[in-house]
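Asker: Submitted below is the structure of interest, expressed as structure tokens.
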Amino acid sequence: MVVKISINNRYMAMQGLFWMLFCVAFGFVSLYLQGRGLSNAGIGTVTATFGLLAALLQPVLGGITDRSNRSTWRSMILMLCFPFLLVCILMPLIPGPLAGAVFMGILILIANTTIPFVNSAHYYYTHAGEHVNFGVARGIGSGLYAVLALVIGGLAARFGIEMVPITGILISSLFIFVVFRMPTSKEPVEKAPRDTTQKKGFLLRYPTFTLMLIACLLMFTTHNILNTFLLQIIQSLGGNSSQLGIALAIQAVVEVPVLFGFSKLIKRFTPKGLMLTAAFGFALKALMYALSSSVVMIYLIQFTQMISFALFASSSVFYTSQAITKEDQTAGQAYMTSMMAAGAVLGGLTGGWLLELSSMKMMLSVNVVIAMVGVGFAIISVRNKRLHEKT
């Protein structure tokens with residue numbers, strides 16, 4: 001008896017494995033690079049350098065996918081993730097801080113660059129007439145991220161940092177297998193003809209979307225300052241890698257109910273309203289971190305993930321699909337997720353050098369200011385009456 005697996009279930013598996021892959025690349029970057037002998041400034045420089053490359057690469061690959069009939073979201077994911085697997089295999093075999101920095105940087109680059117294509121799969125399946133529940137799929141991703149964070153945190157504390165890439169070998173192999181087995185959409189999404197007389201660039205064609213992109217850049221700068229240097233924050237409060245795993249797991253688990261219930265949220269609230277709420281959520285999280293005094297308090301602060309990243313993770317996809325025309329969808333998703341990569345650049349550099357040259361208190365204080373400026377840009381974007389003018 002052959003059991004037919006629905007597109008929706010396959011997409012859930014793809015999202016789940018992707019965010020486990022993301023956990024390998026991002027969740028333990030400080031732990032791995034610290035174990036390889038890099039300073040805080042060095043860790044920040046690695047995340048910034050490869051985050052910048054990802055931010056530049058995402059819109060380019062997104063534009064190629066939108067313009068080409070041969071390049072699809074699936075082919076792009078496979079092209080990116082085979083090197084991820086290869087790097088994970090090489091990491092335990094080649095020692096030293098420089099090799100560790102380059103290898104971890106490549107994982108950061110690939111994980112960031114893959115996000116818009118995972119999101120675009122939802123858009124293409126939906127427009128091909130398939131039922132795909134993005135919120136539930138993304139929630140499964142957060143749940144599996146949480147499980148893997150606990151596993152890697154415990155294994156690294158017991159067996160050492162090379163458990164990070166060893167876990168990556170297993171996860172990336174499963175992810176590649178699932179993506180390879182994903183069918184293409186039943187019908188190609190019709191791409192509207194481009195107006196070749198249109199001289200405005202993408203960002204000028206969508207001014208309100210551009211303002212929101214700036215807000216997202218600042219949201220993810222504060223997000224990455226806290227996530228990249230979460231180990232150092234926990235260590236300053238007397239914690240270790242096991243407690244880092246617990247903090248990451250809590251952060252991911254609390255996203256799940258928001259993402260599972262997102263289909264109801266999007267019926268009651270507009271995507272732009274949810275994006276604004278997420279901006280306030282990131283600011284609240286930054287403020288609470290600045291006031292934190294114990295590891296237990298860090299655990300409690302992780303619940304703000306519900307109104308920050310969890311809201312952003314789904315609402316940004318719907319916001320982009322609503323604000324951007326059909327022929328620019330993949331590029332629009334790429335620009336949105338490129339802000340995550342660009343936030344890694346600013347967050348890595350800002351956090352790393354503030355820790356190196358000043359103090360933890362200064363880093364967390366500057367982080368609050370960045371988050372509040374992000375709220376300001378989000379408010380300006382939401383109040384702009386040109387929203388959703390798809391020109």
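We name chains A, B, ... following the order of the structure tokens; residues begin at 1 in each chain, and ligands are numbered from 1 as shown.
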So that I can check the surroundings of segment 51-64 of chain A, please list as a PyMOL selection string every protein, DNA and RNA residue that reaches within 10 Å of it, counting only C-alpha atoms and ignoring chain neighbours fewer than 4 positions away.
Answerer: chain A and resi 45-47+68-73+76+105-106+108-117+120+327-348
Asker: Output C-alpha atoms of each residue in that selection to a file, as a PDB file, in the first residue's frame.
Answerer:
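Final output, again-v4.pdb:
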```pdb
ATOM      1  CA  THR A  45      33.331  40.128  12.285  1.00  0.00           C
ATOM      2  CA  VAL A  46      32.603  36.610  10.995  1.00  0.00           C
ATOM      3  CA  THR A  47      28.820  36.999  11.351  1.00  0.00           C
ATOM      4  CA  SER A  68      14.142  32.654 -15.373  1.00  0.00           C
ATOM      5  CA  ASN A  69      11.880  29.793 -16.388  1.00  0.00           C
ATOM      6  CA  ARG A  70      14.618  27.286 -15.541  1.00  0.00           C
ATOM      7  CA  SER A  71      15.546  28.456 -12.037  1.00  0.00           C
ATOM      8  CA  THR A  72      12.991  27.541  -9.381  1.00  0.00           C
ATOM      9  CA  TRP A  73      12.854  27.833  -5.621  1.00  0.00           C
ATOM     10  CA  MET A  76      18.056  27.219  -5.740  1.00  0.00           C
ATOM     11  CA  GLY A 105      30.673  31.818   7.994  1.00  0.00           C
ATOM     12  CA  ILE A 106      29.734  29.716   4.969  1.00  0.00           C
ATOM     13  CA  ILE A 108      25.666  31.428   8.011  1.00  0.00           C
ATOM     14  CA  LEU A 109      25.754  32.586   4.387  1.00  0.00           C
ATOM     15  CA  ILE A 110      23.920  29.524   3.056  1.00  0.00           C
ATOM     16  CA  ALA A 111      21.275  29.404   5.803  1.00  0.00           C
ATOM     17  CA  ASN A 112      20.416  33.089   5.337  1.00  0.00           C
ATOM     18  CA  THR A 113      20.368  32.888   1.558  1.00  0.00           C
ATOM     19  CA  THR A 114      18.025  29.874   1.551  1.00  0.00           C
ATOM     20  CA  ILE A 115      15.191  31.537   3.537  1.00  0.00           C
ATOM     21  CA  PRO A 116      13.428  33.400   0.671  1.00  0.00           C
ATOM     22  CA  PHE A 117      13.263  30.244  -1.440  1.00  0.00           C
ATOM     23  CA  SER A 120       8.595  31.301  -2.017  1.00  0.00           C
ATOM     24  CA  GLU A 327       6.246  39.388 -11.020  1.00  0.00           C
ATOM     25  CA  ASP A 328       8.461  40.729  -8.211  1.00  0.00           C
ATOM     26  CA  GLN A 329       7.424  38.231  -5.507  1.00  0.00           C
ATOM     27  CA  THR A 330      10.646  36.239  -5.142  1.00  0.00           C
ATOM     28  CA  ALA A 331      12.726  39.415  -5.284  1.00  0.00           C
ATOM     29  CA  GLY A 332      10.429  40.981  -2.667  1.00  0.00           C
ATOM     30  CA  GLN A 333      10.782  37.996  -0.342  1.00  0.00           C
ATOM     31  CA  ALA A 334      14.547  38.105  -0.936  1.00  0.00           C
ATOM     32  CA  TYR A 335      14.746  41.797  -0.036  1.00  0.00           C
ATOM     33  CA  MET A 336      12.759  41.147   3.125  1.00  0.00           C
ATOM     34  CA  THR A 337      14.915  38.233   4.253  1.00  0.00           C
ATOM     35  CA  SER A 338      18.072  40.057   3.184  1.00  0.00           C
ATOM     36  CA  MET A 339      17.316  42.429   6.057  1.00  0.00           C
ATOM     37  CA  MET A 340      17.811  39.444   8.365  1.00  0.00           C
ATOM     38  CA  ALA A 341      21.254  38.945   6.853  1.00  0.00           C
ATOM     39  CA  ALA A 342      22.048  42.649   6.942  1.00  0.00           C
ATOM     40  CA  GLY A 343      20.904  42.708  10.574  1.00  0.00           C
ATOM     41  CA  ALA A 344      23.453  39.979  11.239  1.00  0.00           C
ATOM     42  CA  VAL A 345      26.099  42.315   9.781  1.00  0.00           C
ATOM     43  CA  LEU A 346      25.211  45.283  11.958  1.00  0.00           C
ATOM     44  CA  GLY A 347      24.396  43.148  14.993  1.00  0.00           C
ATOM     45  CA  GLY A 348      27.622  41.160  14.759  1.00  0.00           C
TER      46      GLY A 348
END
```
Asker: Identify all residues of segment 4-237 of chain A in helix (DSSP H, G or I) (DSSP on the backbone) and supply them as a count of residues only.
Answerer: 183
Asker: Go through A:Ser263, A:Val317, A:Leu274, A:Met360 one by one, measure the shortest atom-to-atom distance of each to Ser292 of chain A using only C-alpha atoms, and give the residue with the smallest value.
Answerer: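 Using only C-alpha atoms, Ser292 of chain A sits closest to A:Met360.
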Asker: Would you pick out the contacts of Ile233 of chain A at 10 Å or less, using only C-alpha atoms, so that residues sharing its chain but fewer than 3 positions from it are not included, and give the list as a PyMOL selection string?
Answerer: chain A and resi 226-230+236-240+244+289+292+294-295+298+360-361+364
Asker: How many Å lie between atom CA of Ser365 of chain A and atom CA of Ala290 of chain A, rounded to one decimal?
Answerer: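 Separation of atom CA of Ser365 of chain A and atom CA of Ala290 of chain A: 6.0 Å.
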Asker: Extract, using only C-alpha atoms, all DNA, RNA and protein residues at most 10 Å from Met306 of chain A, discarding same-chain residues fewer than 3 positions from it, and format them as a list in words.
Answerer: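 The residues that qualify are Gln251, Ala252, Val253, Val254, Glu255, Val256, Pro257, Val258, Leu259, Ala278, Gly281, Phe282, Gln302, Phe303, Phe309, Ala310, Leu311 and Phe312 of chain A.
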Asker: Separation of atom CA of Ile307 of chain A and atom CA of Thr277 of chain A, in Å?
Answerer: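 Taking atom CA of Ile307 of chain A and atom CA of Thr277 of chain A, their separation equals 7.0 Å.
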Asker: Go through A:Asn8, A:Ser242, A:Asn367, A:Thr49 one by one, measure the shortest atom-to-atom distance of each to Ala157 of chain A using only C-alpha atoms, and give the residue with the smallest value.
Answerer: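 Comparing A:Asn8, A:Ser242, A:Asn367, A:Thr49 against Ala157 of chain A, the winner is A:Ser242.
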Asker: What does the distance from atom CA of Phe18 of chain A to atom CA of Leu80 of chain A come to in Å, to one decimal?
Answerer: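 Computed distance, atom CA of Phe18 of chain A to atom CA of Leu80 of chain A, equals 12.1 Å.
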Asker: Could you check which of A:Ile266, A:Ile301, A:Ile176, A:Ile246 is closest to Ser75 of chain A, using only C-alpha atoms?
Answerer: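 Ranked by minimum distance to Ser75 of chain A, first place goes to A:Ile176.
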Asker: Which residue is closest to Thr167 of chain A? Choose from A:Ile370, A:Ile234, A:Ile152, A:Ile379 and count only C-alpha atoms.
Answerer: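 Checking each of A:Ile370, A:Ile234, A:Ile152, A:Ile379 against Thr167 of chain A, counting only C-alpha atoms, the winner is A:Ile152.
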Asker: Using only C-alpha atoms, determine which residues lie at most 10 Å from Gly42 of chain A, disregarding the query and same-chain residues fewer than 3 positions distant; provide the list as a ChimeraX atom specification.
Answerer: /A:30,33-34,37-39,45-48,97,101,348-349,352-353,356
Asker: Could the residues in this selection be saved with all heavy atoms as a compact mmCIF listing (two decimals), in the first residue's frame?
Answerer:
```
# COMPACT_ATOMS: atom_id res chain seq x y z
N SER A 30 28.44 31.49 18.43
CA SER A 30 29.38 31.99 19.44
C SER A 30 30.08 30.84 20.16
O SER A 30 31.28 30.89 20.40
CB SER A 30 28.66 32.88 20.46
OG SER A 30 28.58 34.21 20.01
N LEU A 33 32.67 29.24 17.62
CA LEU A 33 33.82 30.10 17.30
C LEU A 33 34.63 30.43 18.55
O LEU A 33 35.86 30.55 18.49
CB LEU A 33 33.36 31.37 16.60
CG LEU A 33 32.74 31.14 15.21
CD1 LEU A 33 32.31 32.47 14.59
CD2 LEU A 33 33.73 30.44 14.28
N GLN A 34 33.97 30.54 19.68
CA GLN A 34 34.69 30.75 20.94
C GLN A 34 35.56 29.52 21.23
O GLN A 34 36.71 29.64 21.65
CB GLN A 34 33.68 30.98 22.08
CG GLN A 34 34.29 31.52 23.37
CD GLN A 34 33.22 31.71 24.43
OE1 GLN A 34 32.74 30.76 25.06
NE2 GLN A 34 32.82 32.96 24.65
N GLY A 37 38.72 29.50 19.40
CA GLY A 37 39.70 30.49 19.82
C GLY A 37 39.48 31.90 19.34
O GLY A 37 40.37 32.76 19.48
N LEU A 38 38.29 32.23 18.81
CA LEU A 38 38.03 33.59 18.34
C LEU A 38 37.56 34.48 19.48
O LEU A 38 36.87 34.04 20.40
CB LEU A 38 36.98 33.59 17.23
CG LEU A 38 37.53 33.45 15.80
CD1 LEU A 38 38.03 32.04 15.54
CD2 LEU A 38 36.48 33.85 14.78
N SER A 39 37.93 35.77 19.41
CA SER A 39 37.49 36.77 20.38
C SER A 39 36.06 37.19 20.05
O SER A 39 35.51 36.84 18.99
CB SER A 39 38.40 37.98 20.32
OG SER A 39 38.27 38.64 19.06
N THR A 45 32.85 39.89 13.64
CA THR A 45 33.33 40.13 12.29
C THR A 45 32.93 39.00 11.35
O THR A 45 32.56 39.23 10.19
CB THR A 45 34.86 40.30 12.29
OG1 THR A 45 35.21 41.40 13.14
CG2 THR A 45 35.39 40.56 10.88
N VAL A 46 33.00 37.76 11.82
CA VAL A 46 32.60 36.61 11.00
C VAL A 46 31.12 36.70 10.64
O VAL A 46 30.74 36.57 9.46
CB VAL A 46 32.89 35.28 11.72
CG1 VAL A 46 32.25 34.10 10.98
CG2 VAL A 46 34.40 35.06 11.83
N THR A 47 30.26 36.92 11.62
CA THR A 47 28.82 37.00 11.35
C THR A 47 28.51 38.18 10.45
O THR A 47 27.63 38.09 9.58
CB THR A 47 28.00 37.10 12.65
OG1 THR A 47 28.43 38.26 13.39
CG2 THR A 47 28.19 35.88 13.52
N ALA A 48 29.24 39.29 10.62
CA ALA A 48 29.01 40.48 9.80
C ALA A 48 29.45 40.25 8.36
O ALA A 48 28.71 40.57 7.41
CB ALA A 48 29.75 41.67 10.38
N PRO A 97 41.45 28.25 14.22
CA PRO A 97 40.46 29.34 14.27
C PRO A 97 40.07 29.88 12.90
O PRO A 97 38.90 30.20 12.66
CB PRO A 97 41.16 30.42 15.11
CG PRO A 97 42.62 30.09 15.05
CD PRO A 97 42.69 28.60 14.91
N ALA A 101 36.35 29.81 11.39
CA ALA A 101 35.67 31.05 11.04
C ALA A 101 35.09 30.99 9.63
O ALA A 101 33.94 31.37 9.39
CB ALA A 101 36.63 32.23 11.17
N GLY A 348 26.34 41.79 14.46
CA GLY A 348 27.62 41.16 14.76
C GLY A 348 28.71 42.18 15.03
O GLY A 348 29.46 42.07 16.01
N LEU A 349 28.82 43.18 14.15
CA LEU A 349 29.86 44.21 14.33
C LEU A 349 29.62 45.04 15.57
O LEU A 349 30.53 45.28 16.38
CB LEU A 349 29.92 45.10 13.09
CG LEU A 349 30.53 44.49 11.83
CD1 LEU A 349 30.41 45.47 10.66
CD2 LEU A 349 31.99 44.12 12.07
N GLY A 352 29.87 42.74 18.83
CA GLY A 352 31.22 42.25 19.04
C GLY A 352 32.20 43.32 19.48
O GLY A 352 32.96 43.14 20.44
N TRP A 353 32.17 44.45 18.80
CA TRP A 353 33.13 45.50 19.13
C TRP A 353 32.77 46.24 20.42
O TRP A 353 33.66 46.68 21.16
CB TRP A 353 33.28 46.47 17.96
CG TRP A 353 34.10 45.86 16.86
CD1 TRP A 353 33.65 45.33 15.68
CD2 TRP A 353 35.51 45.64 16.88
NE1 TRP A 353 34.69 44.81 14.96
CE2 TRP A 353 35.84 44.99 15.66
CE3 TRP A 353 36.52 45.93 17.80
CZ2 TRP A 353 37.16 44.63 15.35
CZ3 TRP A 353 37.82 45.57 17.48
CH2 TRP A 353 38.14 44.94 16.27
N GLU A 356 34.08 44.06 23.05
CA GLU A 356 35.54 44.08 23.05
C GLU A 356 36.09 45.37 23.64
O GLU A 356 37.06 45.37 24.40
CB GLU A 356 36.05 43.89 21.62
CG GLU A 356 37.49 43.46 21.52
CD GLU A 356 37.70 41.99 21.86
OE1 GLU A 356 36.72 41.23 21.93
OE2 GLU A 356 38.86 41.62 22.09
```
